[in-house]
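*Asks:* structure03.txt is the file, holding compact mmCIF, C-alpha atoms:
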```
# COMPACT_ATOMS: atom_id res chain seq x y z
CA MET A 255 98.40 95.36 -46.69
CA MET A 256 96.46 97.22 -49.29
CA LEU A 257 99.12 97.68 -51.93
CA ALA A 258 99.73 94.22 -53.33
CA ASN A 259 103.19 92.93 -54.22
CA ALA A 260 105.00 95.46 -52.04
CA PRO A 261 108.11 94.03 -50.39
CA GLU A 262 108.80 93.83 -46.67
CA LEU A 263 112.40 94.05 -45.48
CA SER A 264 114.00 93.22 -42.16
CA SER A 265 117.20 94.16 -40.33
CA ASP A 266 118.48 93.49 -36.80
CA ARG A 267 116.16 95.96 -35.12
CA LEU A 268 113.74 97.03 -37.85
CA ILE A 269 110.93 95.95 -40.13
CA LEU A 270 110.60 98.01 -43.31
CA ARG A 271 107.18 97.93 -44.99
CA VAL A 272 104.78 100.08 -47.00
CA PRO A 273 103.55 103.01 -44.88
CA GLY A 274 100.02 102.89 -43.51
CA ALA A 275 97.65 104.39 -41.00
CA ALA A 276 99.75 103.07 -38.08
CA ASP A 277 102.58 105.41 -39.08
CA GLU A 278 100.43 108.48 -39.52
CA THR A 279 100.91 110.14 -36.13
CA ALA A 280 104.70 109.76 -36.08
CA ILE A 281 105.17 111.00 -39.63
CA LEU A 282 102.72 113.91 -39.34
CA ASP A 283 104.40 115.00 -36.10
CA PHE A 284 107.73 115.00 -37.92
CA LEU A 285 106.43 116.98 -40.91
CA ARG A 286 104.87 119.58 -38.60
CA SER A 287 108.08 120.04 -36.60
CA ASP A 288 111.19 122.11 -37.21
CA ARG A 289 112.95 118.87 -38.12
CA ALA A 290 111.07 118.96 -41.43
CA ALA A 291 112.94 122.09 -42.58
CA PHE A 292 114.74 120.09 -45.30
CA TYR A 293 111.52 118.33 -46.37
CA GLY A 294 109.47 121.42 -47.28
CA GLY A 295 108.30 121.98 -43.70
CA PRO A 296 107.38 122.65 -41.04
CA MET A 297 103.87 122.41 -42.51
CA ASP A 298 100.29 122.45 -41.29
CA LEU A 299 98.41 119.25 -40.54
CA GLY A 300 96.46 119.13 -43.80
CA THR A 301 99.57 119.66 -45.93
CA ALA A 302 101.47 117.09 -43.89
CA TRP A 303 98.71 114.52 -44.35
CA SER A 304 98.64 115.13 -48.09
CA LYS A 305 102.42 114.80 -48.34
CA PHE A 306 102.40 111.56 -46.36
CA ALA A 307 99.56 110.18 -48.51
CA ALA A 308 101.46 111.10 -51.68
CA TYR A 309 104.65 109.42 -50.37
CA THR A 310 102.55 106.30 -49.79
CA GLY A 311 100.70 106.43 -53.10
CA GLN A 312 103.96 106.58 -55.04
CA TRP A 313 104.26 102.83 -54.44
CA LEU A 314 101.46 102.05 -56.87
CA LEU A 315 102.61 104.52 -59.51
CA ARG A 316 106.31 103.63 -59.50
CA GLY A 317 106.40 100.13 -58.08
CA TYR A 318 108.80 101.36 -55.40
CA GLY A 319 108.69 103.99 -52.71
CA MET A 320 109.57 105.00 -49.19
CA PHE A 321 109.33 102.30 -46.54
CA ALA A 322 108.08 102.90 -43.03
CA ALA A 323 110.84 101.76 -40.66
CA VAL A 324 109.28 100.17 -37.59
CA LEU A 325 111.03 98.95 -34.44
CA LYS A 326 110.75 95.19 -33.95
CA SER A 327 110.78 95.64 -30.18
CA THR A 328 107.90 98.09 -29.80
CA GLY A 329 106.24 98.41 -33.22
CA GLY A 330 106.94 102.15 -33.05
CA THR A 331 107.51 104.05 -36.28
CA VAL A 332 111.08 105.32 -36.62
CA GLY A 333 110.67 107.15 -39.91
CA LEU A 334 110.44 106.83 -43.69
CA VAL A 335 113.33 105.55 -45.78
CA GLY A 336 113.54 104.76 -49.46
CA PRO A 337 113.40 106.01 -53.05
CA TYR A 338 111.27 109.13 -53.44
CA HIS A 339 110.45 109.90 -57.06
CA PRO A 340 108.10 112.75 -57.92
CA THR A 341 107.86 113.66 -61.61
CA HIS A 342 110.12 116.71 -61.31
CA PHE A 343 113.09 114.57 -60.17
CA PRO A 344 115.19 113.17 -63.04
CA GLN A 345 115.59 109.89 -61.15
CA ALA A 346 114.55 108.28 -57.88
CA GLU A 347 116.10 109.83 -54.79
CA MET A 348 117.13 107.73 -51.82
CA SER A 349 115.57 109.75 -49.01
CA TRP A 350 115.21 109.37 -45.28
CA LEU A 351 113.54 111.06 -42.35
CA VAL A 352 113.80 109.93 -38.74
CA THR A 353 111.65 111.06 -35.84
CA ALA A 354 113.28 112.88 -32.90
CA ASP A 355 112.69 110.03 -30.43
CA ASN A 356 114.69 107.60 -32.51
CA GLU A 357 117.79 109.61 -33.30
CA GLY A 358 121.33 108.79 -32.23
CA GLN A 359 120.98 105.01 -32.18
CA GLY A 360 122.19 104.21 -35.69
CA LEU A 361 118.67 103.34 -36.77
CA ALA A 362 118.69 105.63 -39.82
CA ARG A 363 121.88 104.03 -41.06
CA GLU A 364 120.53 100.53 -40.42
CA ALA A 365 117.33 101.33 -42.31
CA CYS A 366 119.13 103.06 -45.20
CA LYS A 367 121.61 100.26 -45.64
CA THR A 368 118.83 97.66 -45.70
CA VAL A 369 116.90 99.59 -48.32
CA LEU A 370 120.02 100.27 -50.42
CA MET A 371 120.83 96.55 -50.46
CA HIS A 372 117.26 95.88 -51.59
CA LEU A 373 117.57 98.44 -54.42
CA PHE A 374 120.93 97.07 -55.57
CA HIS A 375 120.39 93.33 -55.15
CA ASP A 376 116.64 92.77 -55.54
CA LEU A 377 115.79 95.58 -57.98
CA LYS A 378 119.25 95.49 -59.67
CA TRP A 379 119.71 99.27 -59.59
CA ASN A 380 123.34 100.13 -60.34
CA HIS A 381 123.25 103.38 -58.39
CA VAL A 382 120.89 105.75 -56.63
CA VAL A 383 121.28 109.41 -55.67
CA SER A 384 120.47 111.46 -52.59
CA TYR A 385 119.91 115.22 -52.87
CA ILE A 386 121.13 116.72 -49.61
CA ASP A 387 121.04 120.33 -48.52
CA ARG A 388 124.41 121.94 -47.86
CA ASP A 389 123.12 122.92 -44.41
CA ASN A 390 121.80 119.47 -43.51
CA ALA A 391 124.91 118.36 -41.63
CA ARG A 392 123.38 115.21 -40.12
CA SER A 393 122.19 113.83 -43.43
CA ARG A 394 125.49 114.59 -45.12
CA VAL A 395 127.35 112.67 -42.41
CA LEU A 396 124.97 109.74 -42.80
CA ALA A 397 125.37 109.71 -46.59
CA GLN A 398 129.13 109.62 -46.20
CA ARG A 399 128.93 106.84 -43.62
CA LEU A 400 126.83 104.87 -46.10
CA GLY A 401 129.65 105.24 -48.62
CA ALA A 402 127.94 107.77 -50.89
CA GLN A 403 130.07 110.34 -52.68
CA ILE A 404 129.24 113.76 -54.06
CA ALA A 405 128.74 113.64 -57.84
CA PRO A 406 129.24 117.27 -58.96
CA GLU A 407 128.23 116.43 -62.54
CA LEU A 408 124.70 115.52 -61.42
CA ILE A 409 122.83 118.77 -60.77
CA ALA A 410 120.29 118.42 -57.98
CA PRO A 411 116.71 119.50 -58.84
CA ILE A 412 116.41 121.16 -55.41
CA SER A 413 118.20 124.41 -54.64
CA ASN A 414 121.17 124.46 -52.24
CA CYS A 415 121.55 120.66 -52.52
CA ASP A 416 124.44 118.45 -53.57
CA THR A 417 123.89 115.14 -55.31
CA PHE A 418 125.37 112.20 -53.42
CA ARG A 419 125.66 108.95 -55.35
CA HIS A 420 125.37 105.53 -53.73
CA ARG A 421 126.91 102.60 -55.60
CA PRO A 422 126.63 98.90 -54.75
CA SER A 423 130.39 98.40 -54.43
CA GLU A 424 130.85 101.41 -52.15
CA THR A 425 127.88 101.01 -49.80
CA THR A 426 128.93 100.40 -46.23
CA MET B 20 97.23 96.33 -57.16
CA LEU B 21 95.14 98.25 -54.64
CA THR B 22 93.74 95.12 -53.09
CA ASN B 23 91.02 96.83 -51.06
CA ALA B 24 89.42 98.77 -53.91
CA PRO B 25 86.19 97.19 -55.13
CA ILE B 26 85.18 96.62 -58.74
CA LEU B 27 81.66 98.01 -59.19
CA GLU B 28 79.53 97.73 -62.28
CA THR B 29 76.64 99.64 -63.81
CA ASP B 30 74.96 99.33 -67.20
CA ARG B 31 77.60 101.33 -69.02
CA LEU B 32 80.46 101.66 -66.54
CA ILE B 33 83.03 99.88 -64.44
CA LEU B 34 84.27 101.59 -61.28
CA ARG B 35 87.64 100.29 -60.12
CA GLY B 36 90.76 101.25 -58.16
CA PRO B 37 93.33 103.57 -59.77
CA ARG B 38 96.12 102.13 -61.91
CA PRO B 39 99.38 103.66 -63.17
CA ASP B 40 98.01 103.96 -66.72
CA ASP B 41 95.23 106.23 -65.44
CA ALA B 42 97.80 108.96 -64.72
CA GLU B 43 97.75 110.58 -68.17
CA PRO B 44 93.97 111.10 -68.58
CA LEU B 45 93.71 112.18 -64.95
CA MET B 46 96.56 114.70 -65.28
CA ASP B 47 94.98 116.03 -68.50
CA PHE B 48 91.82 116.72 -66.53
CA LEU B 49 93.50 118.22 -63.45
CA CYS B 50 95.59 120.60 -65.60
CA ASP B 51 92.51 121.82 -67.49
CA GLN B 52 91.99 125.06 -65.58
CA VAL B 53 88.40 125.46 -66.79
CA ARG B 54 87.07 121.94 -66.35
CA ALA B 55 88.88 121.27 -63.07
CA LYS B 56 88.06 124.64 -61.49
CA GLY B 57 85.29 123.34 -59.24
CA PHE B 58 87.31 120.26 -58.28
CA GLY B 59 90.62 122.00 -57.59
CA ALA B 60 92.85 122.34 -60.66
CA SER B 61 96.58 121.60 -60.60
CA ASP B 62 99.09 124.26 -61.69
CA ASN B 63 101.19 121.75 -63.64
CA ARG B 64 101.55 118.05 -64.41
CA SER B 65 103.95 117.54 -61.54
CA ASP B 66 101.31 118.75 -59.06
CA ALA B 67 98.66 116.68 -60.85
CA TRP B 68 100.78 113.54 -60.55
CA ARG B 69 101.23 114.28 -56.85
CA TRP B 70 97.44 114.54 -56.47
CA PHE B 71 97.07 111.11 -58.08
CA ALA B 72 99.67 109.70 -55.66
CA LEU B 73 97.79 111.39 -52.82
CA ASN B 74 94.55 109.68 -53.92
CA ILE B 75 96.27 106.29 -53.84
CA GLY B 76 97.70 107.07 -50.41
CA HIS B 77 94.20 108.11 -49.35
CA TRP B 78 93.09 104.54 -50.18
CA GLN B 79 95.99 103.12 -48.20
CA LEU B 80 95.34 105.31 -45.14
CA HIS B 81 91.51 105.37 -45.09
CA GLY B 82 90.55 102.25 -47.02
CA TYR B 83 88.65 104.31 -49.57
CA GLY B 84 89.20 107.12 -52.05
CA TYR B 85 88.41 108.00 -55.65
CA LEU B 86 87.63 105.15 -58.04
CA MET B 87 88.28 105.40 -61.75
CA ILE B 88 85.18 105.44 -63.94
CA GLU B 89 85.82 103.24 -66.95
CA ASP B 90 83.56 103.39 -70.01
CA LYS B 91 82.68 99.76 -70.83
CA ALA B 92 82.22 100.44 -74.54
CA SER B 93 85.65 101.97 -75.15
CA GLY B 94 87.63 100.94 -72.07
CA ALA B 95 88.60 104.59 -71.66
CA ALA B 96 88.89 106.39 -68.33
CA ALA B 97 85.79 108.59 -68.27
CA GLY B 98 86.20 110.26 -64.89
CA ILE B 99 86.47 109.58 -61.18
CA THR B 100 83.99 109.13 -58.37
CA GLY B 101 84.34 107.99 -54.80
CA ILE B 102 84.65 109.03 -51.20
CA TRP B 103 87.08 111.78 -50.23
CA ASN B 104 88.10 112.68 -46.71
CA PRO B 105 91.61 114.14 -46.38
CA HIS B 106 92.68 115.95 -43.23
CA GLY B 107 90.70 119.18 -42.86
CA TRP B 108 87.54 117.87 -44.55
CA PRO B 109 84.32 118.34 -42.55
CA GLU B 110 83.31 114.70 -43.12
CA PRO B 111 83.53 112.06 -45.88
CA GLU B 112 82.12 113.34 -49.16
CA LEU B 113 80.86 111.70 -52.30
CA GLY B 114 82.65 113.33 -55.22
CA TRP B 115 82.51 112.98 -59.00
CA VAL B 116 84.24 114.32 -62.07
CA VAL B 117 83.70 113.47 -65.73
CA PHE B 118 86.53 113.91 -68.24
CA ALA B 119 86.29 115.80 -71.53
CA GLY B 120 84.28 113.91 -74.11
CA PHE B 121 82.14 112.05 -71.59
CA GLU B 122 79.84 114.84 -70.47
CA GLY B 123 76.12 115.07 -71.15
CA LYS B 124 75.53 111.32 -71.07
CA GLY B 125 74.48 110.86 -67.46
CA ILE B 126 77.76 109.13 -66.65
CA ALA B 127 78.42 111.12 -63.48
CA TYR B 128 74.94 110.31 -62.16
CA GLU B 129 75.26 106.63 -62.96
CA ALA B 130 78.73 106.40 -61.40
CA ALA B 131 78.09 108.51 -58.30
CA GLN B 132 74.90 106.61 -57.51
CA ARG B 133 76.78 103.31 -57.69
CA ALA B 134 79.64 104.66 -55.53
CA ARG B 135 77.13 105.87 -52.93
CA GLU B 136 75.47 102.46 -52.88
CA TRP B 137 78.88 100.89 -52.16
CA ALA B 138 79.63 103.45 -49.43
CA TYR B 139 76.33 102.64 -47.70
CA ALA B 140 76.40 98.87 -48.20
CA PRO B 141 77.08 96.86 -45.03
CA ASP B 142 79.61 94.80 -46.99
CA GLY B 143 81.01 98.00 -48.56
CA LEU B 144 82.01 100.90 -46.30
CA GLY B 145 78.93 100.75 -44.09
CA PHE B 146 78.54 104.56 -43.95
CA THR B 147 75.29 105.94 -42.54
CA THR B 148 75.47 109.41 -44.10
CA LEU B 149 77.35 111.23 -46.88
CA THR B 150 77.89 114.80 -47.99
CA SER B 151 79.01 116.45 -51.20
CA ASN B 152 81.03 119.68 -51.10
CA ILE B 153 80.38 122.00 -54.02
CA VAL B 154 81.86 125.41 -54.76
CA PRO B 155 79.22 128.15 -55.12
CA GLY B 156 78.24 128.65 -58.74
CA ASN B 157 79.01 125.11 -59.88
CA THR B 158 75.49 124.70 -61.17
CA ARG B 159 76.12 121.40 -62.97
CA SER B 160 77.33 119.73 -59.79
CA ILE B 161 74.51 121.23 -57.73
CA ALA B 162 72.00 119.89 -60.27
CA LEU B 163 73.52 116.43 -60.06
CA ALA B 164 73.63 116.50 -56.24
CA GLU B 165 69.93 117.38 -56.23
CA ARG B 166 69.17 114.67 -58.77
CA LEU B 167 70.87 112.25 -56.38
CA GLY B 168 68.48 113.44 -53.70
CA ALA B 169 70.99 115.54 -51.76
CA THR B 170 69.85 118.80 -50.18
CA PHE B 171 71.74 121.97 -49.22
CA GLU B 172 72.65 121.94 -45.54
CA ARG B 173 75.10 124.76 -44.86
CA LYS B 174 78.04 126.86 -46.03
CA TYR B 175 81.49 126.22 -44.59
CA GLN B 176 85.10 127.20 -45.24
CA ASN B 177 86.99 124.54 -47.20
CA VAL B 178 90.74 124.43 -46.52
CA HIS B 179 91.52 124.50 -50.25
CA MET B 180 88.49 125.98 -51.97
CA GLY B 181 87.37 128.72 -49.56
CA GLU B 182 83.61 129.17 -49.14
CA ASP B 183 81.96 125.90 -50.03
CA LEU B 184 78.45 124.48 -50.02
CA LEU B 185 77.76 121.29 -48.11
CA TYR B 186 74.99 119.09 -49.53
CA ARG B 187 73.74 116.09 -47.58
CA HIS B 188 72.66 112.89 -49.27
CA PRO B 189 69.73 110.77 -48.20
CA GLY B 190 70.87 108.01 -45.86
CA PRO B 191 70.85 104.30 -46.67
CA ALA B 192 67.31 103.83 -45.30
CA ASP B 193 65.95 106.52 -47.65
CA LEU B 194 67.18 104.87 -50.83
CA ASP B 195 65.66 102.15 -52.97
CA THR B 196 67.56 98.88 -53.09
CA ASP B 197 69.06 99.98 -56.39
CA GLY B 198 70.47 103.12 -54.78
CA SER B 199 67.94 105.37 -56.49
CA VAL B 200 65.85 108.11 -54.89
CA GLU B 201 63.56 108.46 -57.87
CA ALA B 202 60.57 107.00 -56.05
CA TYR B 203 60.85 109.73 -53.42
CA ALA B 204 61.63 112.67 -55.68
```
Can you dump the structure from the file as structure tokens?
*Replies:*
Amino acid sequence: MMLANAPELSSDRLILRVPGAADETAILDFLRSDRAAFYGGPMDLGTAWSKFAAYTGQWLLRGYGMFAAVLKSTGGTVGLVGPYHPTHFPQAEMSWLVTADNEGQGLAREACKTVLMHLFHDLKWNHVVSYIDRDNARSRVLAQRLGAQIAPELIAPISNCDTFRHRPSETT
Amino acid sequence: MLTNAPILETDRLILRGPRPDDAEPLMDFLCDQVRAKGFGASDNRSDAWRWFALNIGHWQLHGYGYLMIEDKASGAAAGITGIWNPHGWPEPELGWVVFAGFEGKGIAYEAAQRAREWAYAPDGLGFTTLTSNIVPGNTRSIALAERLGATFERKYQNVHMGEDLLYRHPGPADLDTDGSVEAYA
């Protein structure tokens, strides 16, 4: 690991750690695909690489960031999950992206719940938001399954998005 | 916190990995449309911050990137130098930038020469060749590249900057043990 002091988390099927070169192919493939429509994509390879590098570099600047979720069984990269916090967001955003091969197995929920518990119990955050597009049906379902609720008073910094709020007592 | 970034020293400078408190002086530079023109200026501080995060991710993904140049006398961040090779780059390049207030003192030369020595060192990056990509008309950078012993090789299309000039540095065998080419100039 090159970024010191970064945590590593574990769940039944997943290891969650700081992203690195081993995740590059899976994440760049995602960002170049139609699945990246709600993440500013699909984008060309150079833009995708820069975005992935910036996701990774956030760890040093904020002390927290998006984890790479990796399958314990195969070592394959499932996606990125965790608090994304560029300067134009008023607070950190719990974000997730899951590659096509790994959908439909509850892995996104498993990864999100593990990271949320880390944010609430280890980092002592009392809430975290997710900005989710009104057309992103899958992510909205996942947010609701995780126990998040729409907070209309919190205006999302991204157009066409609602702010979902996760709280420790409501996370499932 | 970047555990793989070296700490390099010269007479007047320390070259080290980026830290969170470098963000402000770096963003000041990147948002200066005149000074950062040849490097690739940012439209706003948000984009500049993202570039800094990208540089740190570059370290994580490649094992190298831009080092901060720290002025020993004041402790201030004086610029950046290092090896840059994001997707779309023709090959790894040695780059340098000096912040406002630190120009005209030979800092870029001193820093870039030390970074090149590290890139070539067997216990550094072990590179066997290096380029520098310079936008046409950036006469200061061309002068420094030539002072470092680099020579113009070809024009190419840079993914961000458009037409760009590729200079090639002397290889490790062509440099003195102190990284200098003076004896051969």
*Asks:* I'd like to know which of B:Pro25, B:Gly76, B:Pro111, B:Pro37 is closest to chain A, using all atoms listed in the file.
*Replies:*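 Under the stated criterion, the closest residue is B:Gly76.
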*Asks:* Restricting the calculation to only C-alpha atoms: of B:Ala140, B:Leu149, B:Cys50, B:Ile75, which residue gets closest to chain A?
*Replies:* B:Ile75
*Asks:* Could you list, with a cut-off of 8 Å and counting only C-alpha atoms, the residues of chain A near chain B, each shown with its nearest atom pair and the distance in Å rounded to one decimal, rows sorted by chain and ascending number, as JSON lines?
*Replies:*
```
{"residue": "A:Met255", "atom": "CA", "partner": "B:Thr22", "partner_atom": "CA", "distance": 7.9}
{"residue": "A:Met256", "atom": "CA", "partner": "B:Thr22", "partner_atom": "CA", "distance": 5.1}
{"residue": "A:Leu257", "atom": "CA", "partner": "B:Leu21", "partner_atom": "CA", "distance": 4.8}
{"residue": "A:Ala258", "atom": "CA", "partner": "B:Met20", "partner_atom": "CA", "distance": 5.0}
{"residue": "A:Asn259", "atom": "CA", "partner": "B:Met20", "partner_atom": "CA", "distance": 7.5}
{"residue": "A:Gly274", "atom": "CA", "partner": "B:Leu80", "partner_atom": "CA", "distance": 5.5}
{"residue": "A:Ala275", "atom": "CA", "partner": "B:Leu80", "partner_atom": "CA", "distance": 4.8}
{"residue": "A:Leu299", "atom": "CA", "partner": "B:His106", "partner_atom": "CA", "distance": 7.1}
{"residue": "A:Gly300", "atom": "CA", "partner": "B:His106", "partner_atom": "CA", "distance": 5.0}
{"residue": "A:Trp303", "atom": "CA", "partner": "B:His106", "partner_atom": "CA", "distance": 6.3}
{"residue": "A:Ser304", "atom": "CA", "partner": "B:Leu73", "partner_atom": "CA", "distance": 6.1}
{"residue": "A:Lys305", "atom": "CA", "partner": "B:Leu73", "partner_atom": "CA", "distance": 7.3}
{"residue": "A:Phe306", "atom": "CA", "partner": "B:Gly76", "partner_atom": "CA", "distance": 7.7}
{"residue": "A:Ala307", "atom": "CA", "partner": "B:Gly76", "partner_atom": "CA", "distance": 4.1}
{"residue": "A:Ala308", "atom": "CA", "partner": "B:Leu73", "partner_atom": "CA", "distance": 3.9}
{"residue": "A:Tyr309", "atom": "CA", "partner": "B:Ala72", "partner_atom": "CA", "distance": 7.3}
{"residue": "A:Thr310", "atom": "CA", "partner": "B:Gly76", "partner_atom": "CA", "distance": 4.9}
{"residue": "A:Gly311", "atom": "CA", "partner": "B:Gly76", "partner_atom": "CA", "distance": 4.1}
{"residue": "A:Gln312", "atom": "CA", "partner": "B:Ala72", "partner_atom": "CA", "distance": 5.3}
{"residue": "A:Leu314", "atom": "CA", "partner": "B:Pro39", "partner_atom": "CA", "distance": 6.8}
{"residue": "A:Leu315", "atom": "CA", "partner": "B:Pro39", "partner_atom": "CA", "distance": 5.0}
{"residue": "A:Arg316", "atom": "CA", "partner": "B:Pro39", "partner_atom": "CA", "distance": 7.8}
{"residue": "A:Pro340", "atom": "CA", "partner": "B:Arg69", "partner_atom": "CA", "distance": 7.1}
{"residue": "A:Thr341", "atom": "CA", "partner": "B:Ser65", "partner_atom": "CA", "distance": 5.5}
{"residue": "A:His342", "atom": "CA", "partner": "B:Ser65", "partner_atom": "CA", "distance": 6.2}
```
*Asks:* Let me see the file: selected residues, C-alpha atoms, as a PDB file, keeping the file's coordinate frame.
*Replies:*
```
ATOM      1  CA  MET A 255      98.400  95.360 -46.690  1.00  0.00           C
ATOM      2  CA  MET A 256      96.460  97.220 -49.290  1.00  0.00           C
ATOM      3  CA  LEU A 257      99.120  97.680 -51.930  1.00  0.00           C
ATOM      4  CA  ALA A 258      99.730  94.220 -53.330  1.00  0.00           C
ATOM      5  CA  ASN A 259     103.190  92.930 -54.220  1.00  0.00           C
ATOM      6  CA  GLY A 274     100.020 102.890 -43.510  1.00  0.00           C
ATOM      7  CA  ALA A 275      97.650 104.390 -41.000  1.00  0.00           C
ATOM      8  CA  LEU A 299      98.410 119.250 -40.540  1.00  0.00           C
ATOM      9  CA  GLY A 300      96.460 119.130 -43.800  1.00  0.00           C
ATOM     10  CA  TRP A 303      98.710 114.520 -44.350  1.00  0.00           C
ATOM     11  CA  SER A 304      98.640 115.130 -48.090  1.00  0.00           C
ATOM     12  CA  LYS A 305     102.420 114.800 -48.340  1.00  0.00           C
ATOM     13  CA  PHE A 306     102.400 111.560 -46.360  1.00  0.00           C
ATOM     14  CA  ALA A 307      99.560 110.180 -48.510  1.00  0.00           C
ATOM     15  CA  ALA A 308     101.460 111.100 -51.680  1.00  0.00           C
ATOM     16  CA  TYR A 309     104.650 109.420 -50.370  1.00  0.00           C
ATOM     17  CA  THR A 310     102.550 106.300 -49.790  1.00  0.00           C
ATOM     18  CA  GLY A 311     100.700 106.430 -53.100  1.00  0.00           C
ATOM     19  CA  GLN A 312     103.960 106.580 -55.040  1.00  0.00           C
ATOM     20  CA  LEU A 314     101.460 102.050 -56.870  1.00  0.00           C
ATOM     21  CA  LEU A 315     102.610 104.520 -59.510  1.00  0.00           C
ATOM     22  CA  ARG A 316     106.310 103.630 -59.500  1.00  0.00           C
ATOM     23  CA  PRO A 340     108.100 112.750 -57.920  1.00  0.00           C
ATOM     24  CA  THR A 341     107.860 113.660 -61.610  1.00  0.00           C
ATOM     25  CA  HIS A 342     110.120 116.710 -61.310  1.00  0.00           C
TER      26      HIS A 342
END
```
*Asks:* Which is closer to Pro344 of chain A than all the others in A:Ala405, A:Val382, A:Ala290, A:Leu285, using all atoms listed in the file?
*Replies:*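 The shortest atom-to-atom distance to Pro344 of chain A comes from A:Val382.
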*Asks:* Determine the nearest neighbour of Arg135 of chain B from the options B:Gly114, B:Gly36, B:Gly94, B:Gly57, counting all atoms listed in the file.
*Replies:*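 Looking at the shortest contact to Arg135 of chain B, the residue is B:Gly114.
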*Asks:* One decimal, in Å: what's the spacing between atom CA of Asp47 of chain B and atom CA of Ser61 of chain B?
*Replies:*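 Going from atom CA of Asp47 of chain B over to atom CA of Ser61 of chain B covers 9.8 Å.
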*Asks:* Leaving out Leu396 of chain A and any residue of its chain fewer than 6 positions from it, which residues lie within 10 Å of it when counting only C-alpha atoms, given as number ranges by chain?
*Replies:* A: 360, 362-363, 366, 402
*Asks:* In Å, with one decimal, what is the gap from atom CA of Ala276 of chain A to atom CA of Ala323 of chain A?
*Replies:* 11.5 Å
*Asks:* Nearest to Ser265 of chain A among A:Arg421, A:His372, A:His339, A:Arg286, with distances taken over only C-alpha atoms: which residue is it?
*Replies:*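 Using only C-alpha atoms, the shortest distance to Ser265 of chain A belongs to A:His372.
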*Asks:* So, counting all atoms listed in the file, which residue among B:Ala134, B:Ala127, B:Phe48, B:Leu113 is closest to Arg35 of chain B?
*Replies:*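 Closest candidate: B:Ala134.
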*Asks:* Do you know which residues are at most 12 Å from Ile161 of chain B counting all atoms listed in the file, after dropping those on the same chain fewer than 5 positions away, and could you put them as a list in words?
*Replies:*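 Answer for this query is Gly57, Gly114, Trp115, Tyr128, Ser151, Asn152, Ile153, Val154, Pro155, Gly156, Arg166, Leu167, Gly168, Ala169, Thr170, Phe171, Asp183, Leu184, Leu185, Tyr186 and Arg187 of chain B.
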*Asks:* Go ahead and find all residues with at least one atom no further than 12 Å from (106.1, 110.2, -36.4) in the file's coordinates, using all atoms listed in the file; report them as a PyMOL selection string.
*Replies:* chain A and resi 273-287+289-290+302-303+306+322-324+330-334+351-356
*Asks:* Which value, in Å to one decimal, gives the distance between atom CA of Ala410 of chain A and atom CA of Asp389 of chain A?
*Replies:* 14.6 Å
*Asks:* If we count all atoms listed in the file and set the cut-off at 10 Å, which residues sit around Arg133 of chain B, ignoring sequence neighbours fewer than 5 positions away in its own chain? Please answer as a ChimeraX atom specification.
*Replies:* /B:27-29,32-34,100-101,127-128,138,197-199
*Asks:* Counting all atoms listed in the file, select every polymer residue within 7 Å of (110.9, 96.5, -36.4) as defined in the file's coordinates, and provide the selection as a ChimeraX atom specification.
*Replies:* /A:267-269,323-327,329
*Asks:* Output as a short mmCIF file (atom, residue, chain, number, x, y, z; two decimals), in the coordinates of the input: segment 339-349 of chain A, completed with N, CA and C atoms.
*Replies:*
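What ended up in selection34.cif:
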```
data_model
loop_
_atom_site.label_atom_id
_atom_site.label_comp_id
_atom_site.auth_asym_id
_atom_site.auth_seq_id
_atom_site.Cartn_x
_atom_site.Cartn_y
_atom_site.Cartn_z
N HIS A 339 110.30 109.60 -55.62
CA HIS A 339 110.45 109.90 -57.06
C HIS A 339 109.26 110.65 -57.63
N PRO A 340 109.12 111.93 -57.27
CA PRO A 340 108.10 112.75 -57.92
C PRO A 340 108.51 113.03 -59.37
N THR A 341 107.58 113.51 -60.17
CA THR A 341 107.86 113.66 -61.61
C THR A 341 108.92 114.72 -61.91
N HIS A 342 109.14 115.67 -61.00
CA HIS A 342 110.12 116.71 -61.31
C HIS A 342 111.54 116.31 -60.91
N PHE A 343 111.73 115.08 -60.41
CA PHE A 343 113.09 114.57 -60.17
C PHE A 343 113.50 113.74 -61.39
N PRO A 344 114.75 113.93 -61.87
CA PRO A 344 115.19 113.17 -63.04
C PRO A 344 115.35 111.68 -62.76
N GLN A 345 115.50 111.31 -61.52
CA GLN A 345 115.59 109.89 -61.15
C GLN A 345 115.12 109.76 -59.69
N ALA A 346 114.96 108.52 -59.26
CA ALA A 346 114.55 108.28 -57.88
C ALA A 346 115.61 108.79 -56.92
N GLU A 347 115.17 109.33 -55.80
CA GLU A 347 116.10 109.83 -54.79
C GLU A 347 115.99 109.02 -53.51
N MET A 348 117.09 108.44 -53.09
CA MET A 348 117.13 107.73 -51.82
C MET A 348 117.00 108.78 -50.70
N SER A 349 115.89 108.71 -49.99
CA SER A 349 115.57 109.75 -49.01
C SER A 349 115.36 109.10 -47.65
#
```
